[in-house]
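Q: Contents of structure-v1.pdb (PDB, C-alpha atoms) are given next:
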ATOM      1  CA  MET T  18      -3.435 -11.496  15.292  1.00  0.00           C
ATOM      2  CA  GLN T  19      -0.739 -14.140  15.573  1.00  0.00           C
ATOM      3  CA  ILE T  20       1.532 -13.709  12.553  1.00  0.00           C
ATOM      4  CA  ASP T  21       2.900 -17.241  12.441  1.00  0.00           C
ATOM      5  CA  GLU T  22       0.940 -19.667  10.277  1.00  0.00           C
ATOM      6  CA  THR T  23      -1.039 -16.882   8.595  1.00  0.00           C
ATOM      7  CA  THR T  24      -1.069 -16.466   4.818  1.00  0.00           C
ATOM      8  CA  TRP T  25      -0.171 -13.036   3.446  1.00  0.00           C
ATOM      9  CA  LEU T  26      -0.822 -11.814  -0.089  1.00  0.00           C
ATOM     10  CA  VAL T  27       1.612  -8.948  -0.762  1.00  0.00           C
ATOM     11  CA  THR T  28       1.426  -7.006  -4.013  1.00  0.00           C
ATOM     12  CA  GLY T  29       4.525  -5.325  -5.388  1.00  0.00           C
ATOM     13  CA  ALA T  30       6.587  -7.890  -3.476  1.00  0.00           C
ATOM     14  CA  SER T  31       9.583  -8.002  -5.815  1.00  0.00           C
ATOM     15  CA  ALA T  32      11.274  -4.835  -4.530  1.00  0.00           C
ATOM     16  CA  GLY T  33      11.081  -1.827  -2.222  1.00  0.00           C
ATOM     17  CA  ILE T  34       8.541  -1.694   0.580  1.00  0.00           C
ATOM     18  CA  GLY T  35       6.649  -4.747  -0.654  1.00  0.00           C
ATOM     19  CA  GLU T  36       9.761  -6.902  -0.596  1.00  0.00           C
ATOM     20  CA  ALA T  37      10.632  -5.666   2.895  1.00  0.00           C
ATOM     21  CA  ILE T  38       7.119  -6.433   4.184  1.00  0.00           C
ATOM     22  CA  ALA T  39       7.192  -9.883   2.570  1.00  0.00           C
ATOM     23  CA  ARG T  40      10.564 -10.702   4.123  1.00  0.00           C
ATOM     24  CA  THR T  41       9.563  -9.406   7.558  1.00  0.00           C
ATOM     25  CA  ALA T  42       6.253 -11.303   7.600  1.00  0.00           C
ATOM     26  CA  ALA T  43       8.024 -14.499   6.518  1.00  0.00           C
ATOM     27  CA  ALA T  44      10.647 -14.037   9.232  1.00  0.00           C
ATOM     28  CA  ARG T  45       7.778 -13.848  11.742  1.00  0.00           C
ATOM     29  CA  GLY T  46       6.400 -17.199  10.532  1.00  0.00           C
ATOM     30  CA  ALA T  47       3.871 -16.153   7.889  1.00  0.00           C
ATOM     31  CA  ARG T  48       3.371 -17.917   4.581  1.00  0.00           C
ATOM     32  CA  VAL T  49       3.824 -15.263   1.897  1.00  0.00           C
ATOM     33  CA  VAL T  50       2.353 -15.151  -1.577  1.00  0.00           C
ATOM     34  CA  GLY T  51       4.072 -12.362  -3.484  1.00  0.00           C
ATOM     35  CA  VAL T  52       2.553 -10.721  -6.536  1.00  0.00           C
ATOM     36  CA  ALA T  53       4.545  -8.641  -9.026  1.00  0.00           C
ATOM     37  CA  ARG T  54       5.122  -8.174 -12.736  1.00  0.00           C
ATOM     38  CA  ARG T  55       8.857  -8.971 -12.904  1.00  0.00           C
ATOM     39  CA  SER T  56       8.950 -12.760 -12.808  1.00  0.00           C
ATOM     40  CA  ASP T  57      12.700 -13.267 -12.354  1.00  0.00           C
ATOM     41  CA  VAL T  58      13.098 -10.760  -9.509  1.00  0.00           C
ATOM     42  CA  LEU T  59       9.921 -11.932  -7.771  1.00  0.00           C
ATOM     43  CA  ALA T  60      10.974 -15.590  -8.019  1.00  0.00           C
ATOM     44  CA  SER T  61      14.344 -14.754  -6.458  1.00  0.00           C
ATOM     45  CA  VAL T  62      12.738 -12.983  -3.488  1.00  0.00           C
ATOM     46  CA  MET T  63      10.122 -15.685  -2.909  1.00  0.00           C
ATOM     47  CA  ASP T  64      12.709 -18.474  -3.184  1.00  0.00           C
ATOM     48  CA  ASP T  65      14.823 -16.669  -0.599  1.00  0.00           C
ATOM     49  CA  ILE T  66      11.998 -16.442   1.966  1.00  0.00           C
ATOM     50  CA  GLY T  67      10.194 -19.686   1.166  1.00  0.00           C
ATOM     51  CA  GLY T  68       7.227 -17.878  -0.353  1.00  0.00           C
ATOM     52  CA  SER T  69       5.154 -18.407  -3.473  1.00  0.00           C
ATOM     53  CA  ALA T  70       5.323 -16.194  -6.560  1.00  0.00           C
ATOM     54  CA  VAL T  71       2.313 -15.073  -8.587  1.00  0.00           C
ATOM     55  CA  VAL T  72       3.349 -13.144 -11.681  1.00  0.00           C
ATOM     56  CA  ALA T  73       0.697 -10.579 -12.640  1.00  0.00           C
ATOM     57  CA  ASP T  74       0.429  -7.163 -14.234  1.00  0.00           C
ATOM     58  CA  LEU T  75      -1.798  -5.447 -11.697  1.00  0.00           C
ATOM     59  CA  ALA T  76      -2.418  -2.510 -14.028  1.00  0.00           C
ATOM     60  CA  ASP T  77      -4.429  -4.884 -16.260  1.00  0.00           C
ATOM     61  CA  PRO T  78      -8.049  -5.212 -15.037  1.00  0.00           C
ATOM     62  CA  SER T  79      -8.454  -8.558 -16.805  1.00  0.00           C
ATOM     63  CA  VAL T  80      -5.554  -9.954 -14.749  1.00  0.00           C
ATOM     64  CA  VAL T  81      -6.874  -8.526 -11.471  1.00  0.00           C
ATOM     65  CA  ALA T  82     -10.360  -9.988 -12.085  1.00  0.00           C
ATOM     66  CA  GLY T  83     -10.645 -13.212 -10.097  1.00  0.00           C
ATOM     67  CA  LEU T  84      -7.102 -12.929  -8.705  1.00  0.00           C
ATOM     68  CA  ILE T  85      -8.156 -13.774  -5.137  1.00  0.00           C
ATOM     69  CA  ASP T  86     -10.045 -16.832  -6.417  1.00  0.00           C
ATOM     70  CA  ARG T  87      -6.947 -18.079  -8.235  1.00  0.00           C
ATOM     71  CA  VAL T  88      -4.591 -17.438  -5.318  1.00  0.00           C
ATOM     72  CA  GLU T  89      -6.833 -19.102  -2.729  1.00  0.00           C
ATOM     73  CA  ALA T  90      -7.448 -22.097  -5.003  1.00  0.00           C
ATOM     74  CA  GLU T  91      -3.706 -22.744  -5.117  1.00  0.00           C
ATOM     75  CA  HIS T  92      -2.457 -21.460  -1.763  1.00  0.00           C
ATOM     76  CA  GLY T  93      -5.426 -21.636   0.577  1.00  0.00           C
ATOM     77  CA  PRO T  94      -7.325 -18.887   2.419  1.00  0.00           C
ATOM     78  CA  ILE T  95      -5.704 -15.470   2.608  1.00  0.00           C
ATOM     79  CA  ASP T  96      -5.478 -14.007   6.101  1.00  0.00           C
ATOM     80  CA  VAL T  97      -3.736 -10.705   5.305  1.00  0.00           C
ATOM     81  CA  LEU T  98      -3.942  -8.658   2.113  1.00  0.00           C
ATOM     82  CA  VAL T  99      -1.239  -6.009   1.653  1.00  0.00           C
ATOM     83  CA  ASN T 100      -2.054  -3.644  -1.209  1.00  0.00           C
ATOM     84  CA  ASN T 101       1.396  -2.188  -1.840  1.00  0.00           C
ATOM     85  CA  ALA T 102       1.996  -2.178  -5.597  1.00  0.00           C
ATOM     86  CA  GLY T 103       2.182   1.320  -7.013  1.00  0.00           C
ATOM     87  CA  TYR T 104       3.634   3.646  -9.629  1.00  0.00           C
ATOM     88  CA  GLU T 105       4.790   7.237  -9.126  1.00  0.00           C
ATOM     89  CA  GLY T 106       3.901   8.685 -12.556  1.00  0.00           C
ATOM     90  CA  VAL T 107       5.927  11.868 -12.044  1.00  0.00           C
ATOM     91  CA  GLY T 108       5.590  14.664 -14.580  1.00  0.00           C
ATOM     92  CA  ALA T 109       3.656  17.807 -15.350  1.00  0.00           C
ATOM     93  CA  PHE T 110      -0.056  17.052 -15.580  1.00  0.00           C
ATOM     94  CA  VAL T 111      -0.394  19.018 -18.824  1.00  0.00           C
ATOM     95  CA  ASP T 112       2.005  16.547 -20.439  1.00  0.00           C
ATOM     96  CA  ALA T 113       0.091  13.445 -19.297  1.00  0.00           C
ATOM     97  CA  THR T 114      -1.599  11.230 -21.866  1.00  0.00           C
ATOM     98  CA  ALA T 115      -4.923   9.471 -21.450  1.00  0.00           C
ATOM     99  CA  ALA T 116      -2.952   6.227 -21.127  1.00  0.00           C
ATOM    100  CA  ASP T 117      -0.878   7.737 -18.280  1.00  0.00           C
ATOM    101  CA  VAL T 118      -4.061   8.654 -16.407  1.00  0.00           C
ATOM    102  CA  ARG T 119      -5.596   5.201 -16.862  1.00  0.00           C
ATOM    103  CA  THR T 120      -2.461   3.255 -15.948  1.00  0.00           C
ATOM    104  CA  ILE T 121      -1.664   5.013 -12.679  1.00  0.00           C
ATOM    105  CA  HIS T 122      -5.274   5.005 -11.501  1.00  0.00           C
ATOM    106  CA  GLU T 123      -5.679   1.322 -12.353  1.00  0.00           C
ATOM    107  CA  LEU T 124      -2.562   0.280 -10.452  1.00  0.00           C
ATOM    108  CA  ASN T 125      -2.591   2.697  -7.510  1.00  0.00           C
ATOM    109  CA  LEU T 126      -6.316   3.015  -6.840  1.00  0.00           C
ATOM    110  CA  LEU T 127      -8.654   0.690  -8.738  1.00  0.00           C
ATOM    111  CA  THR T 128      -6.624  -2.480  -8.195  1.00  0.00           C
ATOM    112  CA  PRO T 129      -6.409  -2.076  -4.388  1.00  0.00           C
ATOM    113  CA  ILE T 130     -10.137  -1.319  -4.275  1.00  0.00           C
ATOM    114  CA  GLU T 131     -10.924  -4.346  -6.434  1.00  0.00           C
ATOM    115  CA  LEU T 132      -8.733  -6.696  -4.405  1.00  0.00           C
ATOM    116  CA  CYS T 133     -10.424  -5.445  -1.230  1.00  0.00           C
ATOM    117  CA  ARG T 134     -13.785  -6.091  -2.881  1.00  0.00           C
ATOM    118  CA  GLN T 135     -12.727  -9.634  -3.678  1.00  0.00           C
ATOM    119  CA  VAL T 136     -11.155 -10.515  -0.331  1.00  0.00           C
ATOM    120  CA  LEU T 137     -13.247  -8.732   2.320  1.00  0.00           C
ATOM    121  CA  PRO T 138     -16.398 -10.902   2.017  1.00  0.00           C
ATOM    122  CA  ARG T 139     -14.194 -13.975   2.528  1.00  0.00           C
ATOM    123  CA  LEU T 140     -12.470 -12.500   5.594  1.00  0.00           C
ATOM    124  CA  LEU T 141     -15.797 -11.448   7.093  1.00  0.00           C
ATOM    125  CA  GLU T 142     -17.301 -14.881   6.460  1.00  0.00           C
ATOM    126  CA  ARG T 143     -14.313 -16.571   8.104  1.00  0.00           C
ATOM    127  CA  GLY T 144     -14.392 -14.093  10.985  1.00  0.00           C
ATOM    128  CA  ARG T 145     -10.713 -13.195  10.842  1.00  0.00           C
ATOM    129  CA  GLY T 146      -8.155 -11.362   8.749  1.00  0.00           C
ATOM    130  CA  HIS T 147      -6.590  -8.005   8.054  1.00  0.00           C
ATOM    131  CA  VAL T 148      -6.293  -5.603   5.117  1.00  0.00           C
ATOM    132  CA  VAL T 149      -3.367  -3.195   4.687  1.00  0.00           C
ATOM    133  CA  ASN T 150      -3.497  -0.379   2.148  1.00  0.00           C
ATOM    134  CA  VAL T 151      -0.190   1.371   1.474  1.00  0.00           C
ATOM    135  CA  SER T 152      -0.910   5.012   0.705  1.00  0.00           C
ATOM    136  CA  SER T 153       1.280   8.103   1.048  1.00  0.00           C
ATOM    137  CA  MET T 154       1.702  11.427   2.788  1.00  0.00           C
ATOM    138  CA  ALA T 155       0.995  12.714  -0.728  1.00  0.00           C
ATOM    139  CA  SER T 156      -2.662  11.952  -0.042  1.00  0.00           C
ATOM    140  CA  SER T 157      -2.728  15.106   2.087  1.00  0.00           C
ATOM    141  CA  ALA T 158       0.511  16.948   1.197  1.00  0.00           C
ATOM    142  CA  GLY T 159       0.920  16.946  -2.561  1.00  0.00           C
ATOM    143  CA  PHE T 160       3.887  18.089  -4.634  1.00  0.00           C
ATOM    144  CA  PRO T 161       4.063  19.722  -8.088  1.00  0.00           C
ATOM    145  CA  GLY T 162       4.774  17.118 -10.728  1.00  0.00           C
ATOM    146  CA  MET T 163       2.798  14.464  -8.830  1.00  0.00           C
ATOM    147  CA  ALA T 164      -0.832  15.409  -9.532  1.00  0.00           C
ATOM    148  CA  LEU T 165      -1.843  11.956 -10.765  1.00  0.00           C
ATOM    149  CA  TYR T 166      -0.007  10.137  -7.992  1.00  0.00           C
ATOM    150  CA  CYS T 167      -1.490  12.400  -5.316  1.00  0.00           C
ATOM    151  CA  SER T 168      -5.004  11.905  -6.669  1.00  0.00           C
ATOM    152  CA  THR T 169      -4.666   8.120  -6.455  1.00  0.00           C
ATOM    153  CA  LYS T 170      -3.320   8.173  -2.906  1.00  0.00           C
ATOM    154  CA  ALA T 171      -5.966  10.644  -1.702  1.00  0.00           C
ATOM    155  CA  GLY T 172      -8.584   8.325  -3.158  1.00  0.00           C
ATOM    156  CA  LEU T 173      -7.041   5.250  -1.532  1.00  0.00           C
ATOM    157  CA  SER T 174      -6.780   6.856   1.914  1.00  0.00           C
ATOM    158  CA  ASN T 175     -10.389   8.020   1.812  1.00  0.00           C
ATOM    159  CA  PHE T 176     -11.621   4.683   0.477  1.00  0.00           C
ATOM    160  CA  HIS T 177      -9.843   2.928   3.335  1.00  0.00           C
ATOM    161  CA  ARG T 178     -11.307   5.317   5.935  1.00  0.00           C
ATOM    162  CA  VAL T 179     -14.894   4.661   4.860  1.00  0.00           C
ATOM    163  CA  VAL T 180     -14.472   0.894   4.488  1.00  0.00           C
ATOM    164  CA  ARG T 181     -12.901   0.760   7.933  1.00  0.00           C
ATOM    165  CA  ALA T 182     -16.029   2.444   9.307  1.00  0.00           C
ATOM    166  CA  GLU T 183     -18.220  -0.103   7.531  1.00  0.00           C
ATOM    167  CA  ILE T 184     -16.381  -3.144   8.934  1.00  0.00           C
ATOM    168  CA  GLY T 185     -15.466  -1.560  12.265  1.00  0.00           C
ATOM    169  CA  ASP T 186     -17.660  -3.864  14.347  1.00  0.00           C
ATOM    170  CA  SER T 187     -16.297  -7.010  12.705  1.00  0.00           C
ATOM    171  CA  PRO T 188     -13.260  -9.090  13.725  1.00  0.00           C
ATOM    172  CA  VAL T 189     -11.517  -8.105  10.467  1.00  0.00           C
ATOM    173  CA  GLY T 190      -8.832  -5.462  10.984  1.00  0.00           C
ATOM    174  CA  SER T 191      -7.481  -2.790   8.653  1.00  0.00           C
ATOM    175  CA  THR T 192      -4.443  -0.530   8.547  1.00  0.00           C
ATOM    176  CA  ILE T 193      -3.713   2.497   6.386  1.00  0.00           C
ATOM    177  CA  VAL T 194      -0.015   3.136   5.733  1.00  0.00           C
ATOM    178  CA  GLU T 195       0.843   6.734   4.811  1.00  0.00           C
ATOM    179  CA  LEU T 196       4.480   7.309   3.955  1.00  0.00           C
ATOM    180  CA  GLY T 197       6.875  10.064   3.094  1.00  0.00           C
ATOM    181  CA  PRO T 198      10.052   9.505   1.077  1.00  0.00           C
ATOM    182  CA  ILE T 199      11.416   5.960   1.255  1.00  0.00           C
ATOM    183  CA  PRO T 200      14.781   5.352  -0.487  1.00  0.00           C
ATOM    184  CA  SER T 201      13.961   3.317  -3.599  1.00  0.00           C
ATOM    185  CA  ASP T 202      14.065   3.352  -7.393  1.00  0.00           C
ATOM    186  CA  MET T 203      10.658   5.048  -7.275  1.00  0.00           C
ATOM    187  CA  LEU T 204      11.981   7.875  -5.113  1.00  0.00           C
ATOM    188  CA  ASP T 205      14.963   8.287  -7.449  1.00  0.00           C
ATOM    189  CA  ARG T 206      12.539   8.831 -10.330  1.00  0.00           C
ATOM    190  CA  VAL T 207      10.593  11.389  -8.273  1.00  0.00           C
ATOM    191  CA  TYR T 208      13.785  13.326  -7.584  1.00  0.00           C
ATOM    192  CA  GLU T 209      14.491  13.449 -11.328  1.00  0.00           C
ATOM    193  CA  HIS T 210      11.541  15.837 -11.744  1.00  0.00           C
ATOM    194  CA  PRO T 211      12.765  19.372 -10.846  1.00  0.00           C
ATOM    195  CA  ASP T 212       9.488  20.670  -9.370  1.00  0.00           C
ATOM    196  CA  ALA T 213       8.928  17.596  -7.198  1.00  0.00           C
ATOM    197  CA  GLU T 214      12.562  17.532  -6.076  1.00  0.00           C
ATOM    198  CA  ARG T 215      12.410  21.209  -5.052  1.00  0.00           C
ATOM    199  CA  GLY T 216       9.353  20.528  -2.917  1.00  0.00           C
ATOM    200  CA  PHE T 217      10.999  17.595  -1.159  1.00  0.00           C
ATOM    201  CA  ARG T 218      14.179  19.627  -0.684  1.00  0.00           C
ATOM    202  CA  ARG T 219      12.228  22.356   1.139  1.00  0.00           C
ATOM    203  CA  PHE T 220      10.639  19.790   3.451  1.00  0.00           C
ATOM    204  CA  ARG T 221      14.049  18.258   4.149  1.00  0.00           C
ATOM    205  CA  ARG T 222      15.515  21.685   4.902  1.00  0.00           C
ATOM    206  CA  LEU T 223      12.735  22.235   7.447  1.00  0.00           C
ATOM    207  CA  GLN T 224      13.414  18.724   8.798  1.00  0.00           C
ATOM    208  CA  LEU T 225       9.756  17.825   8.304  1.00  0.00           C
ATOM    209  CA  MET T 226      10.103  14.882   5.952  1.00  0.00           C
ATOM    210  CA  PRO T 227      13.361  12.936   6.281  1.00  0.00           C
ATOM    211  CA  GLU T 228      13.800   9.712   4.351  1.00  0.00           C
ATOM    212  CA  VAL T 229      12.855   6.550   6.251  1.00  0.00           C
ATOM    213  CA  ASP T 230      14.430   3.143   5.716  1.00  0.00           C
ATOM    214  CA  ARG T 231      12.038   0.591   4.245  1.00  0.00           C
ATOM    215  CA  GLN T 232      12.808  -1.903   7.009  1.00  0.00           C
ATOM    216  CA  VAL T 233      11.438   0.537   9.581  1.00  0.00           C
ATOM    217  CA  VAL T 234       8.234   0.650   7.532  1.00  0.00           C
ATOM    218  CA  ALA T 235       8.068  -3.133   7.176  1.00  0.00           C
ATOM    219  CA  ASP T 236       8.523  -3.703  10.917  1.00  0.00           C
ATOM    220  CA  SER T 237       5.788  -1.154  11.653  1.00  0.00           C
ATOM    221  CA  VAL T 238       3.361  -2.743   9.188  1.00  0.00           C
ATOM    222  CA  VAL T 239       3.815  -6.277  10.515  1.00  0.00           C
ATOM    223  CA  ASP T 240       3.495  -5.004  14.095  1.00  0.00           C
ATOM    224  CA  ALA T 241       0.330  -3.104  13.121  1.00  0.00           C
ATOM    225  CA  VAL T 242      -1.257  -6.296  11.811  1.00  0.00           C
ATOM    226  CA  ALA T 243      -0.211  -8.215  14.912  1.00  0.00           C
ATOM    227  CA  ARG T 244      -1.582  -5.565  17.274  1.00  0.00           C
ATOM    228  CA  GLY T 245      -4.587  -4.382  15.262  1.00  0.00           C
ATOM    229  CA  ARG T 246      -3.336  -0.837  14.784  1.00  0.00           C
ATOM    230  CA  ARG T 247      -5.358   1.305  12.418  1.00  0.00           C
ATOM    231  CA  ALA T 248      -2.549   3.476  10.979  1.00  0.00           C
ATOM    232  CA  VAL T 249       1.179   3.484  10.252  1.00  0.00           C
ATOM    233  CA  ARG T 250       2.765   6.827   9.362  1.00  0.00           C
ATOM    234  CA  HIS T 251       6.419   7.553   8.596  1.00  0.00           C
ATOM    235  CA  PRO T 252       8.239   9.822   9.121  1.00  0.00           C
ATOM    236  CA  LYS T 253       6.557  10.435  12.446  1.00  0.00           C
ATOM    237  CA  ARG T 254       7.208  14.172  12.368  1.00  0.00           C
ATOM    238  CA  ALA T 255       5.170  14.496   9.147  1.00  0.00           C
ATOM    239  CA  SER T 256       2.103  12.844  10.683  1.00  0.00           C
ATOM    240  CA  MET T 257       0.623  16.307  11.196  1.00  0.00           C
ATOM    241  CA  PHE T 258      -0.358  16.450   7.529  1.00  0.00           C
ATOM    242  CA  PRO T 259      -2.777  13.490   7.471  1.00  0.00           C
ATOM    243  CA  TRP T 260      -3.917  14.431  11.003  1.00  0.00           C
ATOM    244  CA  LEU T 261      -4.877  17.956   9.890  1.00  0.00           C
ATOM    245  CA  THR T 262      -6.600  16.613   6.785  1.00  0.00           C
ATOM    246  CA  SER T 263      -8.522  14.000   8.743  1.00  0.00           C
ATOM    247  CA  THR T 264      -9.802  16.376  11.445  1.00  0.00           C
ATOM    248  CA  PRO T 265     -12.948  17.443   9.523  1.00  0.00           C
ATOM    249  CA  GLN T 266     -13.325  13.865   8.304  1.00  0.00           C
ATOM    250  CA  ARG T 267     -13.410  12.590  11.897  1.00  0.00           C
ATOM    251  CA  ALA T 268     -16.108  15.154  12.676  1.00  0.00           C
ATOM    252  CA  VAL T 269     -18.199  13.849   9.779  1.00  0.00           C
ATOM    253  CA  ASP T 270     -17.535  10.261  10.856  1.00  0.00           C
ATOM    254  CA  ALA T 271     -18.893  11.048  14.310  1.00  0.00           C
ATOM    255  CA  LEU T 272     -22.091  12.416  12.770  1.00  0.00           C
ATOM    256  CA  THR T 273     -22.596   9.535  10.359  1.00  0.00           C
TER     257      THR T 273
END
Is it possible to express this structure as structure tokens?
A:
Amino acid sequence: MQIDETTWLVTGASAGIGEAIARTAAARGARVVGVARRSDVLASVMDDIGGSAVVADLADPSVVAGLIDRVEAEHGPIDVLVNNAGYEGVGAFVDATAADVRTIHELNLLTPIELCRQVLPRLLERGRGHVVNVSSMASSAGFPGMALYCSTKAGLSNFHRVVRAEIGDSPVGSTIVELGPIPSDMLDRVYEHPDAERGFRRFRRLQLMPEVDRQVVADSVVDAVARGRRAVRHPKRASMFPWLTSTPQRAVDALT
């Protein structure tokens, strides 16, 4: 896919990985529509890259309902959807409230699924487009203190795998992004939980999961859309975890 002159909808575009993807796509000639909850920060980023800001709380199902309709009515057809918005929800599961469970699953899992449901029929009808779902190495290598987060990312990675199989013969592409630790405010909050931090420290000591700069991720994601790549995984040396998890899945895929 040629990146220039395409329209990208990037969720969680006000900071972190989403901001980096938005800036990189815009630098490659894309029109970017950024979605986030923090209006002032989002407006600053979109003004800087010549994009358009859509302020929305993506953990609210009533806000997510009809979001693609509203965006396309104002900004035209979406070519690339990047489901990036997420929340880490670190803490012992036994201390989680019902509201904690609902919020993280709405934002990390149900919203990406719903936005895919809204946008994919349009992409298939137009015969072009690409969907990117930003997941995590935590989908296959979980850490204590991150039970809710890991459950959402495992669900997202498996959802993406099956949908990719369903649309595999179409001209619409898809990329799963599975990441280890990326320096950010979110990662700082993860490190504040002793059990999670100990797990990451062991992986770092074994040199299995070093931190990766968000710009490396953003460049890889934009390149994956341009070249039709099905997966982006960082750090590269930790790719064994999703590969080992997906081995029996690939066997089932071959049978089905």
Q: I need the residue nearest Arg139 in chain T from this list: T:Met154, T:Ile121, T:Val97, T:Met18. Use all atoms listed in the file for the distance.
A: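 Nearest to Arg139 in chain T: T:Val97.
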Q: So which residues get picked by the PyMOL selection byres ((chain T and resi 44) around 12) here, written as a ChimeraX atom specification?
A: /T:20-22,37-43,45-49,65-68,235-236,239
Q: One number please: CA of Gly162 in chain T to CA of Glu123 in chain T, in Å, one decimal.
A: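 Between CA of Gly162 in chain T and CA of Glu123 in chain T the gap is 19.0 Å.
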Q: Have a look at T:Val229, T:Ala155, T:Ile85, T:Leu126 and name the one nearest to Ala102 in chain T; count only C-alpha atoms.
A: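 Smallest separation from Ala102 in chain T among the options: T:Leu126.
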Q: Here's the selection I'm unsure about, the PyMOL selection byres ((chain T and resi 241) around 10); applied to the file above, which residues does it give, as a ChimeraX atom specification?
A: /T:18,147,149,190-194,235-240,242-249
Q: Neighbourhood query: residues within 9 Å of (6.4, 8.4, 3.1), file coordinates, counting all atoms listed in the file; return as a compact mmCIF listing (two decimals) with C-alpha atoms, in the coordinates of the input.
A:
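And here is the file that came out, result_19.txt:
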# COMPACT_ATOMS: atom_id res chain seq x y z
CA SER T 152 -0.91 5.01 0.70
CA SER T 153 1.28 8.10 1.05
CA MET T 154 1.70 11.43 2.79
CA ALA T 155 1.00 12.71 -0.73
CA VAL T 194 -0.02 3.14 5.73
CA GLU T 195 0.84 6.73 4.81
CA LEU T 196 4.48 7.31 3.96
CA GLY T 197 6.88 10.06 3.09
CA PRO T 198 10.05 9.51 1.08
CA ILE T 199 11.42 5.96 1.25
CA MET T 226 10.10 14.88 5.95
CA PRO T 227 13.36 12.94 6.28
CA GLU T 228 13.80 9.71 4.35
CA VAL T 229 12.86 6.55 6.25
CA ARG T 250 2.76 6.83 9.36
CA HIS T 251 6.42 7.55 8.60
CA PRO T 252 8.24 9.82 9.12
CA ALA T 255 5.17 14.50 9.15
